[in-house]
Amino acid sequence: MSAAPFNVLLIGSGGREHALAWKLAQSASVAHVYVAPGNGGTASGLAKVSNVAIKETDLDALVSFAASNGVGLAVPGPEVPLVAGIADKFRAAGIPCFGPSAYAAQLEGSKAFSKDFMARHHVPTAEYRTFTDYDQAVAYVRSVSHRVVIKASGLAAGKGVLLPTTTDEALAGLKEMMVDRAFGDAANQVVVEEFLEGEEVSVLAFSDGHTVVAMPPAQDHKRALDGDQGLNTGGMGAYAPAPVATPAVLNAIHSQVLQRTVDGIRREGHPFVGILYAGLMVTPRGDVKTLEFNVRFGDPETQVLLPLLESDLAHVMLACTRGCLDAVKVDFSSAAACTVIAASGGYPGNYAKGHAISIGSVPAGVTVFHAGTAAQGTGYVTSGGRVLAVTAVDSALASAVSRAYDGLKQVKFQDMHFRTDIAHRALRRAAAPKQGASYADAGVSIDNGNALVEQIKPLVKATRRPGSDADIGGFGGLFDLAAAGYDAKDTLLVSATDGVGTKLKIALSTGIHDTIGIDLVAMNVNDLIVQGAEPLLFLDYYACGKLDVNVAADVIKGVARGCAESGCALVGGETAEMPGMYSHGDYDVAGFTVGAVPRSQVLPRLDDMAAGDVLLGLTSSGVHSNGYSLVRHVVKLAGLDFDSPCPFATNPPAPTLGHALLVPTRLYVKPLLPVVRAGLIKGMSHITGGGFPENIPRVLPKHLAAVIDGSAWTLPPVFQWLRETGNIAGPEMLRTFNCGIGMILVVSPDKVAAVRELLPEVITIGQLAQRTGESVIVNNFA
């Protein structure tokens, strides 16, 4: 941090700014805090703090003042100057600013931008549509069966959200916004999104553009009246920590929302510096959905969070501006805090100003933050809707709430209004009779498991085939060999099991889960066909710490698709929800398959192989499912991430690198079965982990070697990029990746033409020879 104390310019005039000034002034590194324009509380009563008569929207005047008064840190409080680009102006003037760029501030400034951003970067949120045309919005609201939320896309002082309970109310809300223009230009674009059930929570986090450090979860109270009734306000009170945000929920918020957002905005060229405020819904299932983003400290959340912060706020802010947040300790007290807003009568509607304020002696542990106040003589008068925030800190939430209300008794002004039930959800939860322990309490949801089964039943049913009706839900899957056309006396059963390795990491990073199941099937059934076996049945295993029904259904959707394309029945599976075994959001998969082959068609036919036999190759669809630890290492070396534009050509064009690397493993069963049944193949090798040198010898007699011409096919762009970017040597490529050839056939020279008739795409890539050294020799592989 700076060796000499520095000045801070704090922009804003609310309770948030009083709390920020109060905390910043405690830092030994801060010489003085200027607040522009400030309020009555920042005008007097705080050491090292004074007001500056500059409006928060006069950006040039603010920058000029900072440059002339030795300001070493600028801290914009409200959203309006941030959206207008004040952080960019400060940085252009060489003044560190704790706030995001105008581009990044669109996360709050435009709800349409924010929702589209969440969709681009797989941040969990509600389904939505955006509209500029009133008639189209009306038609959409009438077309959906679920409740909706209507939001003005632009800034509306925290009040541009309508929560209709009926279609008629929703239509009236659209008219109010888009026709009557009740929210002005803020409603030039309107977002209509799915109404989510659950409990709201706010999580604010410090960010330097890379690192994210979350504050304790808070819960505010938007409605004006007790019982969450009345009109929406800027916030009538808040408390922290909010118990709805369990450790598992907080883990999900950090990884799926906060970090994903900071990483995403950085990838778009605008590192996020400042406070990222996520307004979230925790659903009854414990899933997290993002309602909105703010790009600054919340009000009144700031008034409960900063009293809990034990670290030097100025040091933390400067570290964020310098990109070194990870080098600073950010500690919070384990205590609880509650703030209650004293508002003007009539708020959030019309209200009078200029009423004298009396503040008596408040109890220990209570702080009164000014919001809508003005200094007048030796006292204060009301000048806004939300006048004061009375905050208390105590070891337990109930005592913090009680202490806050005791402090509020010392505050008096004409027509003062406040809610009497701040923190009611948490207090009700704490007072609820203790229930007997259940499986759900341990983190396992039987209901979610049942919901998953019901969701995937139609997918599974679509894989039925002769021998199996593909019903699930029983204790095991049955298969009738005779119905499938096999003579049990002359039939061998062949089994295989496999997973998909660290390709899962990319699926988890990108939020794309519907192709992993195809990989899982392919890795198993391809191992059956090389033995001449037709896949008959498949079972999957899905393990996670907390079951996300939608993610699991996407994975099983891929499994069902892979089974259908391979002609095998999905007869069952296991879903294992194991709290503590996996991080929140992580999962793993494994597959097990059984096939059948007549004795006379079992492969490989080692005794029939001879020098001169031809090696035919079938191309791969990409990297398939092996070598992804090296793939991810190369991506890191390249300074890319999975949301980056794809750096190599794909067909069709992939929108991101992650999409390109998640192209599923090719399924070889259906094109190869006719060739196998015609008796044209002596052996096949599935090129998986270990590449050419490890997989080809598995199907060869010890006296023969495979001699392959590496120039017989063109190395696909993905492998060219991996080789060049990672500076990977040829032998390392060949023993790690399939390099564009996913299946190799051993065929007698006189059978090649017949194979080509059934399989025109095969490429001649080499032949067998007497072995004198290595069992696999690849020439001309540049």
# chains A, B, ... in the order shown; residues from 1 in each chain; ligands from 1
>>> residues_around(residues="segment 379-390 of chain A", least_positions_apart="2", cutoff="9 Å", atoms="only C-alpha atoms", output="MDAnalysis selection string")
chainID A and resid 14:15 39:41 234:237 300 303 338:358 366:377 392 404:405 407:408 411 413 416
>>> select_by_dssp(residues="segment 317-453 of chain A", states="helix (DSSP H, G or I)", output="ChimeraX atom specification")
/A:317-321,325-327,397-408,424-431,446-453
>>> write_last_selection(atoms="N, CA and C atoms", output="compact mmCIF listing (two decimals), in the first residue's frame")
# COMPACT_ATOMS: atom_id res chain seq x y z
N MET A 317 -9.44 -1.87 -1.17
CA MET A 317 -9.83 -1.17 -2.40
C MET A 317 -8.63 -0.89 -3.29
N LEU A 318 -7.55 -0.42 -2.69
CA LEU A 318 -6.35 -0.14 -3.49
C LEU A 318 -5.80 -1.42 -4.12
N ALA A 319 -5.84 -2.52 -3.35
CA ALA A 319 -5.36 -3.79 -3.90
C ALA A 319 -6.18 -4.18 -5.13
N CYS A 320 -7.49 -3.93 -5.08
CA CYS A 320 -8.34 -4.23 -6.24
C CYS A 320 -7.94 -3.38 -7.43
N THR A 321 -7.66 -2.11 -7.22
CA THR A 321 -7.29 -1.23 -8.35
C THR A 321 -5.95 -1.62 -8.94
N LEU A 325 -5.57 -8.26 -5.32
CA LEU A 325 -6.46 -8.57 -4.21
C LEU A 325 -6.04 -9.85 -3.49
N ASP A 326 -5.46 -10.78 -4.24
CA ASP A 326 -5.06 -12.06 -3.63
C ASP A 326 -3.91 -11.89 -2.64
N ALA A 327 -3.28 -10.72 -2.62
CA ALA A 327 -2.16 -10.49 -1.70
C ALA A 327 -2.61 -9.80 -0.41
N LEU A 397 -27.70 -12.96 15.88
CA LEU A 397 -28.58 -12.12 15.07
C LEU A 397 -29.74 -11.57 15.90
N ALA A 398 -30.36 -12.40 16.71
CA ALA A 398 -31.52 -11.95 17.48
C ALA A 398 -31.16 -10.77 18.37
N SER A 399 -30.00 -10.83 19.00
CA SER A 399 -29.60 -9.72 19.87
C SER A 399 -29.20 -8.50 19.06
N ALA A 400 -28.64 -8.70 17.85
CA ALA A 400 -28.32 -7.56 16.99
C ALA A 400 -29.60 -6.85 16.55
N VAL A 401 -30.63 -7.62 16.21
CA VAL A 401 -31.91 -7.03 15.82
C VAL A 401 -32.51 -6.25 16.98
N SER A 402 -32.52 -6.86 18.16
CA SER A 402 -33.08 -6.20 19.34
C SER A 402 -32.33 -4.91 19.64
N ARG A 403 -31.02 -4.95 19.52
CA ARG A 403 -30.20 -3.77 19.82
C ARG A 403 -30.45 -2.67 18.79
N ALA A 404 -30.65 -3.05 17.50
CA ALA A 404 -30.93 -2.06 16.46
C ALA A 404 -32.23 -1.33 16.75
N TYR A 405 -33.26 -2.08 17.17
CA TYR A 405 -34.53 -1.44 17.48
C TYR A 405 -34.44 -0.60 18.75
N ASP A 406 -33.59 -1.01 19.70
CA ASP A 406 -33.35 -0.17 20.88
C ASP A 406 -32.71 1.15 20.45
N GLY A 407 -31.78 1.06 19.51
CA GLY A 407 -31.17 2.29 19.01
C GLY A 407 -32.15 3.17 18.26
N LEU A 408 -33.07 2.54 17.53
CA LEU A 408 -34.06 3.29 16.77
C LEU A 408 -34.98 4.11 17.68
N HIS A 424 -37.02 -11.02 9.77
CA HIS A 424 -38.08 -11.94 10.22
C HIS A 424 -37.89 -13.36 9.69
N ARG A 425 -37.35 -13.50 8.47
CA ARG A 425 -37.18 -14.87 7.94
C ARG A 425 -36.16 -15.65 8.77
N ALA A 426 -35.04 -15.01 9.03
CA ALA A 426 -33.99 -15.69 9.80
C ALA A 426 -34.46 -15.99 11.22
N LEU A 427 -35.16 -15.04 11.84
CA LEU A 427 -35.62 -15.24 13.21
C LEU A 427 -36.68 -16.34 13.27
N ARG A 428 -37.54 -16.37 12.25
CA ARG A 428 -38.56 -17.43 12.21
C ARG A 428 -37.91 -18.79 12.02
N ARG A 429 -36.89 -18.83 11.18
CA ARG A 429 -36.18 -20.10 10.95
C ARG A 429 -35.52 -20.57 12.25
N ALA A 430 -34.92 -19.63 12.98
CA ALA A 430 -34.23 -19.99 14.22
C ALA A 430 -35.21 -20.45 15.29
N ALA A 431 -36.44 -19.86 15.26
CA ALA A 431 -37.43 -20.20 16.29
C ALA A 431 -38.24 -21.43 15.96
N ILE A 446 -34.23 -37.15 -2.11
CA ILE A 446 -34.94 -38.24 -2.79
C ILE A 446 -35.91 -37.67 -3.81
N ASP A 447 -36.52 -36.53 -3.47
CA ASP A 447 -37.46 -35.91 -4.41
C ASP A 447 -36.77 -35.51 -5.70
N ASN A 448 -35.57 -34.96 -5.60
CA ASN A 448 -34.82 -34.60 -6.82
C ASN A 448 -34.51 -35.85 -7.64
N GLY A 449 -34.14 -36.92 -6.95
CA GLY A 449 -33.86 -38.17 -7.66
C GLY A 449 -35.08 -38.67 -8.41
N ASN A 450 -36.22 -38.62 -7.74
CA ASN A 450 -37.45 -39.05 -8.40
C ASN A 450 -37.81 -38.14 -9.57
N ALA A 451 -37.58 -36.84 -9.37
CA ALA A 451 -37.88 -35.88 -10.45
C ALA A 451 -37.00 -36.16 -11.66
N LEU A 452 -35.73 -36.52 -11.41
CA LEU A 452 -34.83 -36.85 -12.52
C LEU A 452 -35.33 -38.07 -13.28
N VAL A 453 -35.73 -39.11 -12.55
CA VAL A 453 -36.22 -40.33 -13.20
C VAL A 453 -37.40 -40.01 -14.10
>>> closest_residue(among="A:Phe272, A:Phe6, A:Phe692, A:Tyr582", to="Arg322 of chain A", atoms="only C-alpha atoms")
A:Phe272
>>> closest_residue(among="A:Arg91, A:His417, A:Lys670, A:Lys682", to="Val614 of chain A", atoms="only C-alpha atoms")
A:Lys682
>>> residues_around(residues="segment 103-114 of chain A", least_positions_apart="2", cutoff="8 Å", atoms="only C-alpha atoms", output="NGL selection string")
:A and (79 or 82-83 or 100-101 or 116-118 or 130 or 151-155 or 189-191 or 265 or 270-272 or 292-295)
>>> decode(residues="segment 375-508 of chain A", atoms="C-alpha atoms", output="PDB file, in the first residue's frame")
ATOM      1  CA  ALA A 375     -27.065  19.772   8.220  1.00  0.00           C
ATOM      2  CA  GLN A 376     -28.972  22.792   9.495  1.00  0.00           C
ATOM      3  CA  GLY A 377     -27.384  24.951  12.138  1.00  0.00           C
ATOM      4  CA  THR A 378     -26.138  22.616  14.825  1.00  0.00           C
ATOM      5  CA  GLY A 379     -28.573  19.857  13.951  1.00  0.00           C
ATOM      6  CA  TYR A 380     -30.061  17.888  11.075  1.00  0.00           C
ATOM      7  CA  VAL A 381     -33.266  17.883   9.062  1.00  0.00           C
ATOM      8  CA  THR A 382     -34.815  15.316   6.756  1.00  0.00           C
ATOM      9  CA  SER A 383     -34.021  15.728   3.047  1.00  0.00           C
ATOM     10  CA  GLY A 384     -34.917  12.354   1.520  1.00  0.00           C
ATOM     11  CA  GLY A 385     -37.145   9.306   1.679  1.00  0.00           C
ATOM     12  CA  ARG A 386     -34.786   7.058   3.573  1.00  0.00           C
ATOM     13  CA  VAL A 387     -33.468   9.275   6.345  1.00  0.00           C
ATOM     14  CA  LEU A 388     -31.326   7.225   8.727  1.00  0.00           C
ATOM     15  CA  ALA A 389     -30.003   3.675   9.029  1.00  0.00           C
ATOM     16  CA  VAL A 390     -29.616   2.381  12.573  1.00  0.00           C
ATOM     17  CA  THR A 391     -27.133  -0.490  12.644  1.00  0.00           C
ATOM     18  CA  ALA A 392     -26.267  -2.823  15.508  1.00  0.00           C
ATOM     19  CA  VAL A 393     -23.637  -5.546  15.778  1.00  0.00           C
ATOM     20  CA  ASP A 394     -23.843  -8.384  18.276  1.00  0.00           C
ATOM     21  CA  SER A 395     -22.694 -11.956  18.686  1.00  0.00           C
ATOM     22  CA  ALA A 396     -26.076 -13.363  17.613  1.00  0.00           C
ATOM     23  CA  LEU A 397     -28.577 -12.118  15.072  1.00  0.00           C
ATOM     24  CA  ALA A 398     -31.523 -11.951  17.481  1.00  0.00           C
ATOM     25  CA  SER A 399     -29.601  -9.724  19.867  1.00  0.00           C
ATOM     26  CA  ALA A 400     -28.323  -7.563  16.990  1.00  0.00           C
ATOM     27  CA  VAL A 401     -31.911  -7.034  15.819  1.00  0.00           C
ATOM     28  CA  SER A 402     -33.075  -6.199  19.338  1.00  0.00           C
ATOM     29  CA  ARG A 403     -30.205  -3.769  19.816  1.00  0.00           C
ATOM     30  CA  ALA A 404     -30.926  -2.059  16.464  1.00  0.00           C
ATOM     31  CA  TYR A 405     -34.534  -1.442  17.478  1.00  0.00           C
ATOM     32  CA  ASP A 406     -33.354  -0.168  20.877  1.00  0.00           C
ATOM     33  CA  GLY A 407     -31.166   2.287  19.007  1.00  0.00           C
ATOM     34  CA  LEU A 408     -34.062   3.289  16.765  1.00  0.00           C
ATOM     35  CA  LYS A 409     -36.000   4.382  19.867  1.00  0.00           C
ATOM     36  CA  GLN A 410     -33.468   7.208  20.210  1.00  0.00           C
ATOM     37  CA  VAL A 411     -34.301   8.566  16.741  1.00  0.00           C
ATOM     38  CA  LYS A 412     -37.225  10.948  16.279  1.00  0.00           C
ATOM     39  CA  PHE A 413     -38.601  13.117  13.482  1.00  0.00           C
ATOM     40  CA  GLN A 414     -42.090  13.966  12.321  1.00  0.00           C
ATOM     41  CA  ASP A 415     -43.986  11.194  10.463  1.00  0.00           C
ATOM     42  CA  MET A 416     -41.082   8.747  10.892  1.00  0.00           C
ATOM     43  CA  HIS A 417     -41.858   5.321   9.435  1.00  0.00           C
ATOM     44  CA  PHE A 418     -39.987   2.029   9.805  1.00  0.00           C
ATOM     45  CA  ARG A 419     -40.596  -1.681   9.531  1.00  0.00           C
ATOM     46  CA  THR A 420     -40.789  -3.657  12.739  1.00  0.00           C
ATOM     47  CA  ASP A 421     -39.890  -7.064  11.280  1.00  0.00           C
ATOM     48  CA  ILE A 422     -36.387  -6.770   9.835  1.00  0.00           C
ATOM     49  CA  ALA A 423     -34.711 -10.234   9.729  1.00  0.00           C
ATOM     50  CA  HIS A 424     -38.079 -11.944  10.221  1.00  0.00           C
ATOM     51  CA  ARG A 425     -37.178 -14.867   7.937  1.00  0.00           C
ATOM     52  CA  ALA A 426     -33.994 -15.694   9.801  1.00  0.00           C
ATOM     53  CA  LEU A 427     -35.623 -15.242  13.214  1.00  0.00           C
ATOM     54  CA  ARG A 428     -38.563 -17.426  12.211  1.00  0.00           C
ATOM     55  CA  ARG A 429     -36.178 -20.101  10.950  1.00  0.00           C
ATOM     56  CA  ALA A 430     -34.234 -19.994  14.221  1.00  0.00           C
ATOM     57  CA  ALA A 431     -37.425 -20.201  16.294  1.00  0.00           C
ATOM     58  CA  ALA A 432     -38.956 -23.049  14.322  1.00  0.00           C
ATOM     59  CA  PRO A 433     -39.219 -26.331  16.249  1.00  0.00           C
ATOM     60  CA  LYS A 434     -36.321 -28.631  15.574  1.00  0.00           C
ATOM     61  CA  GLN A 435     -37.381 -31.333  13.151  1.00  0.00           C
ATOM     62  CA  GLY A 436     -36.088 -34.866  13.324  1.00  0.00           C
ATOM     63  CA  ALA A 437     -33.080 -35.407  11.090  1.00  0.00           C
ATOM     64  CA  SER A 438     -33.845 -36.449   7.525  1.00  0.00           C
ATOM     65  CA  TYR A 439     -31.948 -37.603   4.477  1.00  0.00           C
ATOM     66  CA  ALA A 440     -32.604 -34.153   2.970  1.00  0.00           C
ATOM     67  CA  ASP A 441     -30.938 -32.526   6.011  1.00  0.00           C
ATOM     68  CA  ALA A 442     -27.852 -34.580   5.188  1.00  0.00           C
ATOM     69  CA  GLY A 443     -27.845 -33.123   1.670  1.00  0.00           C
ATOM     70  CA  VAL A 444     -29.534 -35.923  -0.269  1.00  0.00           C
ATOM     71  CA  SER A 445     -32.824 -35.183  -2.011  1.00  0.00           C
ATOM     72  CA  ILE A 446     -34.936 -38.241  -2.792  1.00  0.00           C
ATOM     73  CA  ASP A 447     -37.464 -35.907  -4.406  1.00  0.00           C
ATOM     74  CA  ASN A 448     -34.823 -34.603  -6.817  1.00  0.00           C
ATOM     75  CA  GLY A 449     -33.857 -38.166  -7.665  1.00  0.00           C
ATOM     76  CA  ASN A 450     -37.452 -39.047  -8.403  1.00  0.00           C
ATOM     77  CA  ALA A 451     -37.876 -35.883 -10.451  1.00  0.00           C
ATOM     78  CA  LEU A 452     -34.833 -36.850 -12.522  1.00  0.00           C
ATOM     79  CA  VAL A 453     -36.216 -40.329 -13.202  1.00  0.00           C
ATOM     80  CA  GLU A 454     -39.515 -38.875 -14.395  1.00  0.00           C
ATOM     81  CA  GLN A 455     -37.719 -36.345 -16.601  1.00  0.00           C
ATOM     82  CA  ILE A 456     -35.512 -38.923 -18.337  1.00  0.00           C
ATOM     83  CA  LYS A 457     -38.066 -41.732 -18.755  1.00  0.00           C
ATOM     84  CA  PRO A 458     -39.137 -40.578 -22.255  1.00  0.00           C
ATOM     85  CA  LEU A 459     -35.470 -40.290 -23.288  1.00  0.00           C
ATOM     86  CA  VAL A 460     -34.748 -43.788 -22.051  1.00  0.00           C
ATOM     87  CA  LYS A 461     -37.866 -45.200 -23.700  1.00  0.00           C
ATOM     88  CA  ALA A 462     -36.630 -43.919 -27.051  1.00  0.00           C
ATOM     89  CA  THR A 463     -33.691 -46.377 -26.856  1.00  0.00           C
ATOM     90  CA  ARG A 464     -35.844 -49.534 -26.806  1.00  0.00           C
ATOM     91  CA  ARG A 465     -34.874 -52.263 -29.285  1.00  0.00           C
ATOM     92  CA  PRO A 466     -35.602 -55.953 -29.870  1.00  0.00           C
ATOM     93  CA  GLY A 467     -34.744 -57.718 -26.636  1.00  0.00           C
ATOM     94  CA  SER A 468     -35.437 -54.779 -24.313  1.00  0.00           C
ATOM     95  CA  ASP A 469     -38.303 -52.389 -23.662  1.00  0.00           C
ATOM     96  CA  ALA A 470     -35.895 -49.879 -22.013  1.00  0.00           C
ATOM     97  CA  ASP A 471     -38.040 -49.370 -18.926  1.00  0.00           C
ATOM     98  CA  ILE A 472     -36.296 -47.938 -15.870  1.00  0.00           C
ATOM     99  CA  GLY A 473     -37.251 -47.814 -12.226  1.00  0.00           C
ATOM    100  CA  GLY A 474     -36.901 -51.470 -11.338  1.00  0.00           C
ATOM    101  CA  PHE A 475     -34.038 -53.205  -9.574  1.00  0.00           C
ATOM    102  CA  GLY A 476     -32.363 -54.277 -12.806  1.00  0.00           C
ATOM    103  CA  GLY A 477     -32.637 -54.274 -16.569  1.00  0.00           C
ATOM    104  CA  LEU A 478     -33.665 -57.404 -18.492  1.00  0.00           C
ATOM    105  CA  PHE A 479     -32.517 -58.356 -21.970  1.00  0.00           C
ATOM    106  CA  ASP A 480     -33.886 -61.192 -24.125  1.00  0.00           C
ATOM    107  CA  LEU A 481     -31.097 -62.558 -26.336  1.00  0.00           C
ATOM    108  CA  ALA A 482     -33.480 -64.683 -28.373  1.00  0.00           C
ATOM    109  CA  ALA A 483     -35.678 -61.698 -29.165  1.00  0.00           C
ATOM    110  CA  ALA A 484     -32.561 -59.910 -30.391  1.00  0.00           C
ATOM    111  CA  GLY A 485     -31.839 -62.776 -32.827  1.00  0.00           C
ATOM    112  CA  TYR A 486     -29.047 -64.541 -30.943  1.00  0.00           C
ATOM    113  CA  ASP A 487     -28.720 -68.270 -30.268  1.00  0.00           C
ATOM    114  CA  ALA A 488     -27.677 -68.444 -26.634  1.00  0.00           C
ATOM    115  CA  LYS A 489     -25.660 -71.644 -27.215  1.00  0.00           C
ATOM    116  CA  ASP A 490     -23.463 -70.028 -29.839  1.00  0.00           C
ATOM    117  CA  THR A 491     -23.279 -66.483 -28.448  1.00  0.00           C
ATOM    118  CA  LEU A 492     -20.642 -64.834 -26.310  1.00  0.00           C
ATOM    119  CA  LEU A 493     -21.406 -61.824 -24.151  1.00  0.00           C
ATOM    120  CA  VAL A 494     -18.853 -59.021 -24.173  1.00  0.00           C
ATOM    121  CA  SER A 495     -18.734 -56.248 -21.573  1.00  0.00           C
ATOM    122  CA  ALA A 496     -16.933 -52.933 -21.276  1.00  0.00           C
ATOM    123  CA  THR A 497     -16.794 -50.041 -18.822  1.00  0.00           C
ATOM    124  CA  ASP A 498     -15.303 -46.563 -19.161  1.00  0.00           C
ATOM    125  CA  GLY A 499     -15.657 -42.872 -18.308  1.00  0.00           C
ATOM    126  CA  VAL A 500     -14.846 -39.610 -20.059  1.00  0.00           C
ATOM    127  CA  GLY A 501     -11.878 -38.342 -18.051  1.00  0.00           C
ATOM    128  CA  THR A 502     -11.117 -34.665 -17.584  1.00  0.00           C
ATOM    129  CA  LYS A 503     -13.205 -33.662 -20.581  1.00  0.00           C
ATOM    130  CA  LEU A 504     -15.766 -33.230 -17.818  1.00  0.00           C
ATOM    131  CA  LYS A 505     -13.777 -30.215 -16.603  1.00  0.00           C
ATOM    132  CA  ILE A 506     -14.597 -28.381 -19.816  1.00  0.00           C
ATOM    133  CA  ALA A 507     -18.276 -29.290 -19.593  1.00  0.00           C
ATOM    134  CA  LEU A 508     -18.364 -27.982 -16.027  1.00  0.00           C
TER     135      LEU A 508
END
